[in-house]
Amino acid sequence: MSLPASIVALVERQAELAALLEQWCNLNSGSGHAAGLERMRRALREEFARSFPAATIDEPSAEALGFNPTGVKALRVRVRPTAPIQILLSGHYDTVYESGDAFQTCRWIDADTINGPGVADMKGGLVTLLAALQAFEQTPHAERIGWEALITPDEETGSHGSEPLFVEAAARHHFAFIFEPARPTGDAVHSRKGTGNLRVTCHGRAAHAAKVPNDGRNAILALAEYLLAIGRLPGEMPGVLLNVGNIRGGGAATNVVPDFAEAEVDVRITKVADREPLLARLHALAAPINARDGLRLELQGGFNRPPKECLPAEEAIFKEWQRAGADLGVPAFSWVHAGGGSDGNLLTAAGLPNLDGIGPIGDHLHSNREYCRVNTIAPRAQLAALFLHRLASGEIALPARS
Ligand SMILES: [Zn+2]
C-alpha cells in the first residue's frame with residue numbers, strides 16, 4: 001500500500017502540532033467569554049487562511065438570546081463547494097472554563113501528555129482537523145472532494161446559536177466528521193444520549209409557621225417529594241438518566257411556610273422513542289401534587305439535543321475508518337455509546353450521517369485534570385486524511401443517505 005507523501009509527513013509534525021495546541025489552549029474561550037471567543041476565532045481564522053488560500057471563509061452569527069454572549073460567531077471555511085463529494089468537518093472552539101476559572105493554562109504531564117483547558121474537548125480535535133485537511137489538500141485527487149470546516153462557539157452550552165448552521169450544512173453535505181476526543185481506549189463514539197433540561201417550579205401558600213391549624217402549603221416539601229419520585233425513574237426506565245442539579249426555595253425567615261421552590265434537572269435518553277414515555281411519567285408524577293389544594297407544580301424546558309442513534313451509513317463508514325487506522329498502524333479501536341451529547345446529535349437529527357469522537361485521545365473533560373495524548377494527534381490526522389484520500393480516489397464510496 002502506498003501512502004501520499006503529505007500523509008506520511010504528518011508524523012514529523014508532532015512537536016509543531018503540540019505547540020499549536022498549547023498556544024490555543026492558553027487562550028481562554030469559555031462559552032460565556034465574548035472577548036476570549038473573539039481572540040480564539042481570530043487565531044483559528046489565521047491558521048485556516050494561511051493553510052487554504054483558495055478557501056472562502058466567513059463568520060456567520062451564532063447569537064442566541066439568553067444563551068450566548070452577543071456578537072458571538074462561528075467560523076466557516078469552505079473549499080470547492082461544487083465538487084461531487086461534499087464533506088463537513090465539525091468542531092467547537094468554546095470550552096467550559098470561563099475567564100474566572102482557576103484552570104487557565106497548560107502544563108506538560110510528560111513528553112506526550114498535556115493537561116490544560118480544552119486540550120481534548122476539543123482544541124486537540126481542531127488541531128487534528130486542521131492537520132488532516134492540510135495533508136489531504138496535497139493528495140492527488142483532492143479536487144473531487146469539497147469540504148466545509150464549521151467551527152462553532154457554543155457547543156458546551158447546547159449549541160443554541162449554532163443549530164441553524166448545522167441544519168443548513170446538513171442539507172448540502174454527504175457525510176460529516178466530528179473531531180470530539182476519542183475515548184481513553186482510542187474508541188470512537190457509536191451513539192450518544194439525547195440531553196435535556198427541566199425546570200420544576202412549585203408554588204404553595206405562605207402562612208405563619210406557628211399558625212394552628214396551619215393552612216400554609218410548603219412548596220419546598222412538595223417539590224422535594226416530587227424530586228425524590230422522579231429520581232427513581234432511571235431504575236424504572238432503561239436508557240434514561242436523570243440528575244437533580246440544583247434546588248432553591250423559601251426566604252430568609254424560617255418562621256414562614258415557604259410558598260415557592262424550584263429545581264433544575266438534567267435528563268438524558270438513549271433513543272428518540274424514550275422521549276414521550278419519559279415526559280408522560282414526569283407529568284404523571286406531578287399530578288397527585290397538583291391535585292392537592294393550594295399547591296401547583298409546573299414543568300418547563302425539554303430536550304435540546306435529540307439522541308444520536310447509529311445510522312446504517314455510519315456502520316459502513318466506520319469499517320473503512322478502522323481499516324484506514326489499521327493500515328496506518330493506529331492501535332485497534334472500536335466505538336462505544338456515550339452519555340454526553342455533541343453536535344453529532346444535531347447533525348443526525350438533521351439527517352446527515354456522521355462519525356463522532358475521532359479526535360485525539362483524552363479524558364477527564366470538564367475538569368482541571370483534562371488531558372490530551374499529543375502523540376495521537378498526528379496519527380488521527382493521518383487517519384482522516386487517508387480516509388478522505390481513499391474517498392477522493394474512488395477506492396471507497398459513501399453509502400447512500402438513508
Ligand atoms: Zn465538552
# chains A, B, ... in the order shown; residues from 1 in each chain; ligands from 1
$ residues_around --residues "Glu98 (chain A)" --least-positions-apart "5" --cutoff "8 Å" --atoms "only C-alpha atoms" --output "compact mmCIF listing (two decimals) with C-alpha atoms, in the first residue's frame"
# COMPACT_ATOMS: atom_id res chain seq x y z
CA ASN A 28 -9.41 31.33 27.32
CA SER A 29 -12.54 30.74 25.24
CA GLY A 30 -15.22 29.89 27.80
CA SER A 31 -18.66 29.79 26.19
CA GLY A 32 -19.64 32.98 28.04
CA HIS A 33 -16.41 34.92 27.44
$ residues_near_ligand --ligand "ligand 1" --cutoff "9 Å" --atoms "only C-alpha atoms and all ligand atoms" --output "JSON, numbers by chain"
{"A": [94, 95, 96, 118, 120, 121, 122, 155, 156, 157, 180, 340, 341, 342, 365, 366]}
$ write_last_selection --atoms "N, CA and C atoms" --output "JSON list (two decimals), in the first residue's frame"
[["chain", "number", "residue", "atom", "x", "y", "z"],
["A", 94, "ASP", "N", -15.36, 26.72, 21.82],
["A", 94, "ASP", "CA", -15.62, 27.14, 23.20],
["A", 94, "ASP", "C", -15.21, 26.02, 24.15],
["A", 95, "THR", "N", -15.00, 26.40, 25.42],
["A", 95, "THR", "CA", -14.70, 25.41, 26.47],
["A", 95, "THR", "C", -15.63, 25.70, 27.65],
["A", 96, "VAL", "N", -15.61, 24.81, 28.64],
["A", 96, "VAL", "CA", -16.44, 25.01, 29.84],
["A", 96, "VAL", "C", -15.76, 25.92, 30.87],
["A", 118, "GLY", "N", -9.43, 22.55, 27.64],
["A", 118, "GLY", "CA", -9.84, 22.32, 26.26],
["A", 118, "GLY", "C", -8.85, 21.52, 25.44],
["A", 120, "ALA", "N", -8.43, 18.38, 25.16],
["A", 120, "ALA", "CA", -9.12, 17.27, 24.48],
["A", 120, "ALA", "C", -10.47, 17.74, 23.94],
["A", 121, "ASP", "N", -11.17, 18.55, 24.71],
["A", 121, "ASP", "CA", -12.55, 18.97, 24.40],
["A", 121, "ASP", "C", -12.60, 20.44, 24.09],
["A", 122, "MET", "N", -12.37, 20.85, 22.81],
["A", 122, "MET", "CA", -11.86, 19.98, 21.82],
["A", 122, "MET", "C", -10.89, 20.67, 20.91],
["A", 155, "GLU", "N", -20.96, 24.94, 21.77],
["A", 155, "GLU", "CA", -21.32, 23.54, 21.95],
["A", 155, "GLU", "C", -21.56, 23.21, 23.42],
["A", 156, "GLU", "N", -20.72, 23.79, 24.28],
["A", 156, "GLU", "CA", -20.80, 23.43, 25.71],
["A", 156, "GLU", "C", -22.08, 23.92, 26.37],
["A", 157, "THR", "N", -22.75, 24.86, 25.76],
["A", 157, "THR", "CA", -23.99, 25.36, 26.36],
["A", 157, "THR", "C", -25.20, 24.93, 25.55],
["A", 180, "GLU", "N", -14.62, 15.49, 18.13],
["A", 180, "GLU", "CA", -14.63, 15.36, 19.59],
["A", 180, "GLU", "C", -13.58, 14.30, 19.94],
["A", 340, "GLY", "N", -22.82, 11.69, 27.03],
["A", 340, "GLY", "CA", -22.83, 13.13, 26.74],
["A", 340, "GLY", "C", -23.26, 13.40, 25.31],
["A", 341, "GLY", "N", -23.89, 14.53, 25.08],
["A", 341, "GLY", "CA", -24.30, 14.91, 23.73],
["A", 341, "GLY", "C", -23.18, 15.66, 23.03],
["A", 342, "SER", "N", -23.32, 15.83, 21.72],
["A", 342, "SER", "CA", -22.38, 16.66, 20.95],
["A", 342, "SER", "C", -23.15, 17.23, 19.77],
["A", 365, "LEU", "N", -12.56, 15.32, 30.80],
["A", 365, "LEU", "CA", -13.11, 16.55, 30.25],
["A", 365, "LEU", "C", -13.90, 17.30, 31.33],
["A", 366, "HIS", "N", -13.99, 18.60, 31.19],
["A", 366, "HIS", "CA", -14.76, 19.45, 32.10],
["A", 366, "HIS", "C", -14.20, 19.40, 33.52]]
$ closest_residue --among "A:Glu148, A:Asp343, A:Asp327, A:Glu22" --to "His160 (chain A)" --atoms "only C-alpha atoms"
A:Asp343
$ select_by_dssp --residues "region 59-295 of chain A" --states "alpha helix (DSSP H)" --output "JSON, numbers by chain"
{"A": [123, 124, 125, 126, 127, 128, 129, 130, 131, 132, 133, 134, 135, 136, 163, 164, 165, 166, 167, 168, 169, 170, 171, 172, 219, 220, 221, 222, 223, 224, 225, 226, 227, 228, 229, 230, 233, 234, 235, 236, 275, 276, 277, 278, 279, 280, 281, 282, 283, 284, 285, 286, 287, 288, 289, 290]}
$ write_last_selection --atoms "C-alpha atoms" --output "mmCIF file, in the first residue's frame"
data_model
loop_
_atom_site.group_PDB
_atom_site.id
_atom_site.type_symbol
_atom_site.label_atom_id
_atom_site.label_comp_id
_atom_site.auth_asym_id
_atom_site.auth_seq_id
_atom_site.Cartn_x
_atom_site.Cartn_y
_atom_site.Cartn_z
ATOM 1 C CA LYS A 123 -8.975 22.119 20.696
ATOM 2 C CA GLY A 124 -6.988 18.897 20.242
ATOM 3 C CA GLY A 125 -9.676 17.909 17.755
ATOM 4 C CA LEU A 126 -9.372 21.273 15.986
ATOM 5 C CA VAL A 127 -5.612 20.803 15.556
ATOM 6 C CA THR A 128 -6.272 17.298 14.197
ATOM 7 C CA LEU A 129 -8.929 18.557 11.782
ATOM 8 C CA LEU A 130 -6.640 21.318 10.518
ATOM 9 C CA ALA A 131 -3.646 18.981 10.055
ATOM 10 C CA ALA A 132 -5.791 16.363 8.287
ATOM 11 C CA LEU A 133 -7.057 18.928 5.782
ATOM 12 C CA GLN A 134 -3.554 20.352 5.219
ATOM 13 C CA ALA A 135 -2.320 16.867 4.295
ATOM 14 C CA PHE A 136 -5.404 15.965 2.269
ATOM 15 C CA GLU A 163 -28.038 24.812 15.445
ATOM 16 C CA PRO A 164 -29.342 26.661 12.346
ATOM 17 C CA LEU A 165 -25.816 26.483 10.865
ATOM 18 C CA PHE A 166 -25.746 22.712 11.367
ATOM 19 C CA VAL A 167 -29.185 22.285 9.822
ATOM 20 C CA GLU A 168 -28.118 24.364 6.827
ATOM 21 C CA ALA A 169 -24.819 22.462 6.468
ATOM 22 C CA ALA A 170 -26.543 19.074 6.823
ATOM 23 C CA ALA A 171 -28.562 19.779 3.694
ATOM 24 C CA ARG A 172 -25.547 20.339 1.426
ATOM 25 C CA ALA A 219 -43.608 24.471 48.430
ATOM 26 C CA ILE A 220 -40.205 23.072 49.454
ATOM 27 C CA LEU A 221 -41.668 19.872 50.877
ATOM 28 C CA ALA A 222 -43.935 19.321 47.864
ATOM 29 C CA LEU A 223 -41.034 19.889 45.460
ATOM 30 C CA ALA A 224 -38.781 17.558 47.484
ATOM 31 C CA GLU A 225 -41.441 14.858 47.320
ATOM 32 C CA TYR A 226 -41.615 15.228 43.538
ATOM 33 C CA LEU A 227 -37.832 15.214 43.073
ATOM 34 C CA LEU A 228 -37.481 12.031 45.131
ATOM 35 C CA ALA A 229 -40.142 10.388 42.957
ATOM 36 C CA ILE A 230 -38.557 11.368 39.619
ATOM 37 C CA LEU A 233 -37.241 6.931 37.133
ATOM 38 C CA PRO A 234 -33.842 5.706 35.807
ATOM 39 C CA GLY A 235 -34.422 2.454 37.743
ATOM 40 C CA GLU A 236 -37.780 2.019 36.082
ATOM 41 C CA ARG A 275 -38.821 10.754 24.926
ATOM 42 C CA GLU A 276 -42.616 10.627 25.055
ATOM 43 C CA PRO A 277 -42.867 7.896 27.740
ATOM 44 C CA LEU A 278 -40.414 9.839 29.925
ATOM 45 C CA LEU A 279 -42.328 13.107 29.549
ATOM 46 C CA ALA A 280 -45.563 11.238 30.290
ATOM 47 C CA ARG A 281 -44.095 9.778 33.519
ATOM 48 C CA LEU A 282 -42.739 13.174 34.604
ATOM 49 C CA HIS A 283 -46.200 14.679 34.219
ATOM 50 C CA ALA A 284 -47.954 11.703 35.817
ATOM 51 C CA LEU A 285 -45.792 12.053 38.946
ATOM 52 C CA ALA A 286 -46.702 15.754 39.173
ATOM 53 C CA ALA A 287 -50.459 15.018 39.002
ATOM 54 C CA PRO A 288 -51.009 13.869 42.636
ATOM 55 C CA ILE A 289 -49.256 17.005 43.942
ATOM 56 C CA ASN A 290 -51.291 19.248 41.648
#
$ residues_around --residues "region 44-48 of chain A" --least-positions-apart "6" --cutoff "8 Å" --atoms "only C-alpha atoms" --output "JSON, numbers by chain"
{"A": [57, 75, 77, 130]}
$ closest_residue --among "A:Gly339, A:Thr185, A:Thr254, A:Gly204" --to "Leu241 (chain A)" --atoms "only C-alpha atoms"
A:Gly339
$ atom_distance --atom1 "CA of Leu150 (chain A)" --atom2 "CA of Leu89 (chain A)"
6.3 Å
$ closest_residue --among "A:Glu264, A:Glu59, A:Glu309, A:Glu395" --to "Arg42 (chain A)" --atoms "only C-alpha atoms"
A:Glu59
$ closest_residue --among "A:Gln23, A:Thr139, A:Thr152, A:Asn115" --to "Leu388 (chain A)" --atoms "only C-alpha atoms"
A:Thr139
$ residues_around --residues "Pro331 (chain A)" --least-positions-apart "5" --cutoff "10 Å" --atoms "only C-alpha atoms" --output "list in words"
Thr185, Gly186, Gln322, Gly325, Ala326 and Pro379 of chain A
$ residues_around --residues "Ala43 (chain A)" --least-positions-apart "6" --cutoff "10 Å" --atoms "only C-alpha atoms" --output "ChimeraX atom specification"
/A:23-24,27,37
$ write_last_selection --atoms "N, CA and C atoms" --output "short mmCIF file (atom, residue, chain, number, x, y, z; two decimals), in the first residue's frame"
data_model
loop_
_atom_site.label_atom_id
_atom_site.label_comp_id
_atom_site.auth_asym_id
_atom_site.auth_seq_id
_atom_site.Cartn_x
_atom_site.Cartn_y
_atom_site.Cartn_z
N GLN A 23 -0.70 26.63 22.49
CA GLN A 23 -0.97 28.05 22.24
C GLN A 23 -2.48 28.32 22.26
N TRP A 24 -3.25 27.46 21.58
CA TRP A 24 -4.71 27.65 21.53
C TRP A 24 -5.36 27.46 22.89
N LEU A 27 -5.36 30.32 25.39
CA LEU A 27 -6.32 31.40 25.12
C LEU A 27 -7.64 30.99 25.74
N LEU A 37 -13.59 34.39 23.10
CA LEU A 37 -14.06 33.68 21.91
C LEU A 37 -13.59 34.39 20.65
#
$ closest_atom_pairs --of "region 86-121 of chain A" --to "region 61-74 of chain A" --cutoff "12 Å" --atoms "only C-alpha atoms" --output "JSON lines"
{"residue": "A:Ser90", "atom": "CA", "partner": "A:Ala74", "partner_atom": "CA", "distance": 10.9}
{"residue": "A:Gly91", "atom": "CA", "partner": "A:Ala74", "partner_atom": "CA", "distance": 10.2}
{"residue": "A:His92", "atom": "CA", "partner": "A:Ala74", "partner_atom": "CA", "distance": 8.7}
{"residue": "A:Tyr93", "atom": "CA", "partner": "A:Ala74", "partner_atom": "CA", "distance": 8.8}
{"residue": "A:Asp94", "atom": "CA", "partner": "A:Ala74", "partner_atom": "CA", "distance": 10.3}
$ write_last_selection --atoms "C-alpha atoms" --output "mmCIF file, in the first residue's frame"
data_model
loop_
_atom_site.group_PDB
_atom_site.id
_atom_site.type_symbol
_atom_site.label_atom_id
_atom_site.label_comp_id
_atom_site.auth_asym_id
_atom_site.auth_seq_id
_atom_site.Cartn_x
_atom_site.Cartn_y
_atom_site.Cartn_z
ATOM 1 C CA SER A 90 -17.052 19.997 12.647
ATOM 2 C CA GLY A 91 -15.589 21.175 15.915
ATOM 3 C CA HIS A 92 -16.285 23.726 18.622
ATOM 4 C CA TYR A 93 -13.895 26.357 19.916
ATOM 5 C CA ASP A 94 -15.620 27.139 23.199
#
$ residues_around --residues "Ile87 (chain A)" --least-positions-apart "4" --cutoff "12 Å" --atoms "only C-alpha atoms" --output "ChimeraX atom specification"
/A:77-83,133,142,144-150,169-178,352-355,384,387-388,391-392,398
$ closest_residue --among "A:Glu143, A:Val119, A:Ala102, A:Leu346" --to "Ile85 (chain A)" --atoms "only C-alpha atoms"
A:Glu143
$ select_by_dssp --residues "region 297-335 of chain A" --states "strand (DSSP E or B)" --output "list of chain:residue names"
A:Leu297, A:Glu298, A:Leu299, A:Gln300, A:Gly301, A:Gly302, A:Phe303, A:Asn304, A:Arg305, A:Lys308, A:Trp335
$ decode --residues "region 230-275 of chain A" --atoms "N, CA and C atoms" --output "mmCIF file, in the first residue's frame"
data_model
loop_
_atom_site.group_PDB
_atom_site.id
_atom_site.type_symbol
_atom_site.label_atom_id
_atom_site.label_comp_id
_atom_site.auth_asym_id
_atom_site.auth_seq_id
_atom_site.Cartn_x
_atom_site.Cartn_y
_atom_site.Cartn_z
ATOM 1 N N ILE A 230 -39.138 11.445 40.969
ATOM 2 C CA ILE A 230 -38.557 11.368 39.619
ATOM 3 C C ILE A 230 -37.124 10.824 39.656
ATOM 4 N N GLY A 231 -36.475 10.967 40.811
ATOM 5 C CA GLY A 231 -35.123 10.423 40.963
ATOM 6 C C GLY A 231 -35.093 8.909 40.831
ATOM 7 N N ARG A 232 -36.259 8.278 40.996
ATOM 8 C CA ARG A 232 -36.314 6.815 40.865
ATOM 9 C C ARG A 232 -36.571 6.366 39.421
ATOM 10 N N LEU A 233 -36.883 7.314 38.515
ATOM 11 C CA LEU A 233 -37.241 6.931 37.133
ATOM 12 C C LEU A 233 -36.151 6.146 36.389
ATOM 13 N N PRO A 234 -34.855 6.490 36.544
ATOM 14 C CA PRO A 234 -33.842 5.706 35.807
ATOM 15 C C PRO A 234 -33.903 4.204 36.134
ATOM 16 N N GLY A 235 -34.317 3.859 37.370
ATOM 17 C CA GLY A 235 -34.422 2.454 37.743
ATOM 18 C C GLY A 235 -35.583 1.765 37.053
ATOM 19 N N GLU A 236 -36.553 2.567 36.667
ATOM 20 C CA GLU A 236 -37.780 2.019 36.082
ATOM 21 C C GLU A 236 -37.728 2.070 34.549
ATOM 22 N N MET A 237 -36.954 3.003 33.990
ATOM 23 C CA MET A 237 -36.921 3.184 32.538
ATOM 24 C C MET A 237 -35.483 3.012 32.020
ATOM 25 N N PRO A 238 -35.150 1.849 31.442
ATOM 26 C CA PRO A 238 -33.785 1.629 30.958
ATOM 27 C C PRO A 238 -33.395 2.679 29.913
ATOM 28 N N GLY A 239 -32.168 3.149 29.963
ATOM 29 C CA GLY A 239 -31.701 4.124 28.978
ATOM 30 C C GLY A 239 -31.959 5.558 29.389
ATOM 31 N N VAL A 240 -32.685 5.762 30.512
ATOM 32 C CA VAL A 240 -32.968 7.121 30.970
ATOM 33 C C VAL A 240 -32.028 7.484 32.120
ATOM 34 N N LEU A 241 -31.442 8.678 32.051
ATOM 35 C CA LEU A 241 -30.651 9.210 33.166
ATOM 36 C C LEU A 241 -31.301 10.504 33.622
ATOM 37 N N LEU A 242 -31.242 10.748 34.913
ATOM 38 C CA LEU A 242 -31.873 11.956 35.434
ATOM 39 C C LEU A 242 -31.066 12.438 36.634
ATOM 40 N N ASN A 243 -30.692 13.716 36.636
ATOM 41 C CA ASN A 243 -29.916 14.265 37.742
ATOM 42 C C ASN A 243 -30.519 15.583 38.211
ATOM 43 N N VAL A 244 -30.943 15.633 39.472
ATOM 44 C CA VAL A 244 -31.408 16.895 40.053
ATOM 45 C C VAL A 244 -30.156 17.719 40.324
ATOM 46 N N GLY A 245 -30.015 18.811 39.574
ATOM 47 C CA GLY A 245 -28.749 19.546 39.606
ATOM 48 C C GLY A 245 -28.711 20.664 40.609
ATOM 49 N N ASN A 246 -29.860 21.305 40.881
ATOM 50 C CA ASN A 246 -29.869 22.377 41.876
ATOM 51 C C ASN A 246 -31.278 22.560 42.421
ATOM 52 N N ILE A 247 -31.357 23.281 43.529
ATOM 53 C CA ILE A 247 -32.653 23.493 44.180
ATOM 54 C C ILE A 247 -32.572 24.789 44.990
ATOM 55 N N ARG A 248 -33.644 25.524 44.982
ATOM 56 C CA ARG A 248 -33.693 26.711 45.845
ATOM 57 C C ARG A 248 -35.149 26.953 46.222
ATOM 58 N N GLY A 249 -35.375 27.689 47.306
ATOM 59 C CA GLY A 249 -36.742 27.975 47.719
ATOM 60 C C GLY A 249 -36.751 28.629 49.082
ATOM 61 N N GLY A 250 -37.906 29.145 49.439
ATOM 62 C CA GLY A 250 -38.058 29.797 50.725
ATOM 63 C C GLY A 250 -37.335 31.127 50.773
ATOM 64 N N GLY A 251 -37.401 31.757 51.942
ATOM 65 C CA GLY A 251 -36.741 33.050 52.103
ATOM 66 C C GLY A 251 -35.838 33.012 53.313
ATOM 67 N N ALA A 252 -35.440 34.193 53.791
ATOM 68 C CA ALA A 252 -34.514 34.250 54.923
ATOM 69 C C ALA A 252 -35.203 33.826 56.217
ATOM 70 N N ALA A 253 -36.497 34.089 56.323
ATOM 71 C CA ALA A 253 -37.202 33.815 57.584
ATOM 72 C C ALA A 253 -37.664 32.373 57.654
ATOM 73 N N THR A 254 -37.291 31.678 58.724
ATOM 74 C CA THR A 254 -37.687 30.271 58.843
ATOM 75 C C THR A 254 -39.034 30.124 59.552
ATOM 76 N N ASN A 255 -39.615 31.242 59.992
ATOM 77 C CA ASN A 255 -40.937 31.141 60.625
ATOM 78 C C ASN A 255 -42.061 31.404 59.630
ATOM 79 N N VAL A 256 -41.731 31.277 58.336
ATOM 80 C CA VAL A 256 -42.723 31.426 57.276
ATOM 81 C C VAL A 256 -42.829 30.106 56.516
ATOM 82 N N VAL A 257 -44.045 29.635 56.242
ATOM 83 C CA VAL A 257 -44.215 28.468 55.368
ATOM 84 C C VAL A 257 -43.877 28.942 53.957
ATOM 85 N N PRO A 258 -42.867 28.354 53.316
ATOM 86 C CA PRO A 258 -42.432 28.892 52.017
ATOM 87 C C PRO A 258 -43.454 28.612 50.905
ATOM 88 N N ASP A 259 -43.721 29.636 50.092
ATOM 89 C CA ASP A 259 -44.723 29.471 49.025
ATOM 90 C C ASP A 259 -44.080 29.247 47.662
ATOM 91 N N PHE A 260 -42.725 29.110 47.621
ATOM 92 C CA PHE A 260 -42.081 28.929 46.322
ATOM 93 C C PHE A 260 -40.811 28.095 46.461
ATOM 94 N N ALA A 261 -40.620 27.189 45.497
ATOM 95 C CA ALA A 261 -39.358 26.430 45.414
ATOM 96 C C ALA A 261 -39.177 26.010 43.965
ATOM 97 N N GLU A 262 -37.926 25.889 43.526
ATOM 98 C CA GLU A 262 -37.704 25.387 42.169
ATOM 99 C C GLU A 262 -36.386 24.628 42.084
ATOM 100 N N ALA A 263 -36.301 23.778 41.066
ATOM 101 C CA ALA A 263 -35.097 22.963 40.865
ATOM 102 C C ALA A 263 -34.878 22.784 39.377
ATOM 103 N N GLU A 264 -33.633 22.510 38.993
ATOM 104 C CA GLU A 264 -33.324 22.189 37.596
ATOM 105 C C GLU A 264 -32.775 20.779 37.519
ATOM 106 N N VAL A 265 -33.207 20.084 36.485
ATOM 107 C CA VAL A 265 -32.934 18.659 36.373
ATOM 108 C C VAL A 265 -32.347 18.368 34.992
ATOM 109 N N ASP A 266 -31.236 17.664 34.957
ATOM 110 C CA ASP A 266 -30.625 17.216 33.690
ATOM 111 C C ASP A 266 -31.243 15.855 33.355
ATOM 112 N N VAL A 267 -31.805 15.737 32.152
ATOM 113 C CA VAL A 267 -32.411 14.453 31.744
ATOM 114 C C VAL A 267 -31.749 13.976 30.455
ATOM 115 N N ARG A 268 -31.554 12.669 30.343
ATOM 116 C CA ARG A 268 -30.910 12.088 29.151
ATOM 117 C C ARG A 268 -31.637 10.828 28.738
ATOM 118 N N ILE A 269 -31.747 10.636 27.421
ATOM 119 C CA ILE A 269 -32.405 9.438 26.902
ATOM 120 C C ILE A 269 -31.528 8.806 25.825
ATOM 121 N N THR A 270 -31.696 7.509 25.622
ATOM 122 C CA THR A 270 -30.849 6.781 24.678
ATOM 123 C C THR A 270 -31.459 6.726 23.285
ATOM 124 N N LYS A 271 -32.777 6.648 23.229
ATOM 125 C CA LYS A 271 -33.460 6.533 21.931
ATOM 126 C C LYS A 271 -34.518 7.626 21.806
ATOM 127 N N VAL A 272 -34.756 8.039 20.580
ATOM 128 C CA VAL A 272 -35.802 9.038 20.338
ATOM 129 C C VAL A 272 -37.124 8.534 20.933
ATOM 130 N N ALA A 273 -37.340 7.221 20.849
ATOM 131 C CA ALA A 273 -38.597 6.642 21.332
ATOM 132 C C ALA A 273 -38.756 6.696 22.856
ATOM 133 N N ASP A 274 -37.665 7.019 23.595
ATOM 134 C CA ASP A 274 -37.774 7.137 25.061
ATOM 135 C C ASP A 274 -38.440 8.441 25.485
ATOM 136 N N ARG A 275 -38.449 9.396 24.566
ATOM 137 C CA ARG A 275 -38.821 10.754 24.926
ATOM 138 C C ARG A 275 -40.249 10.891 25.451
#
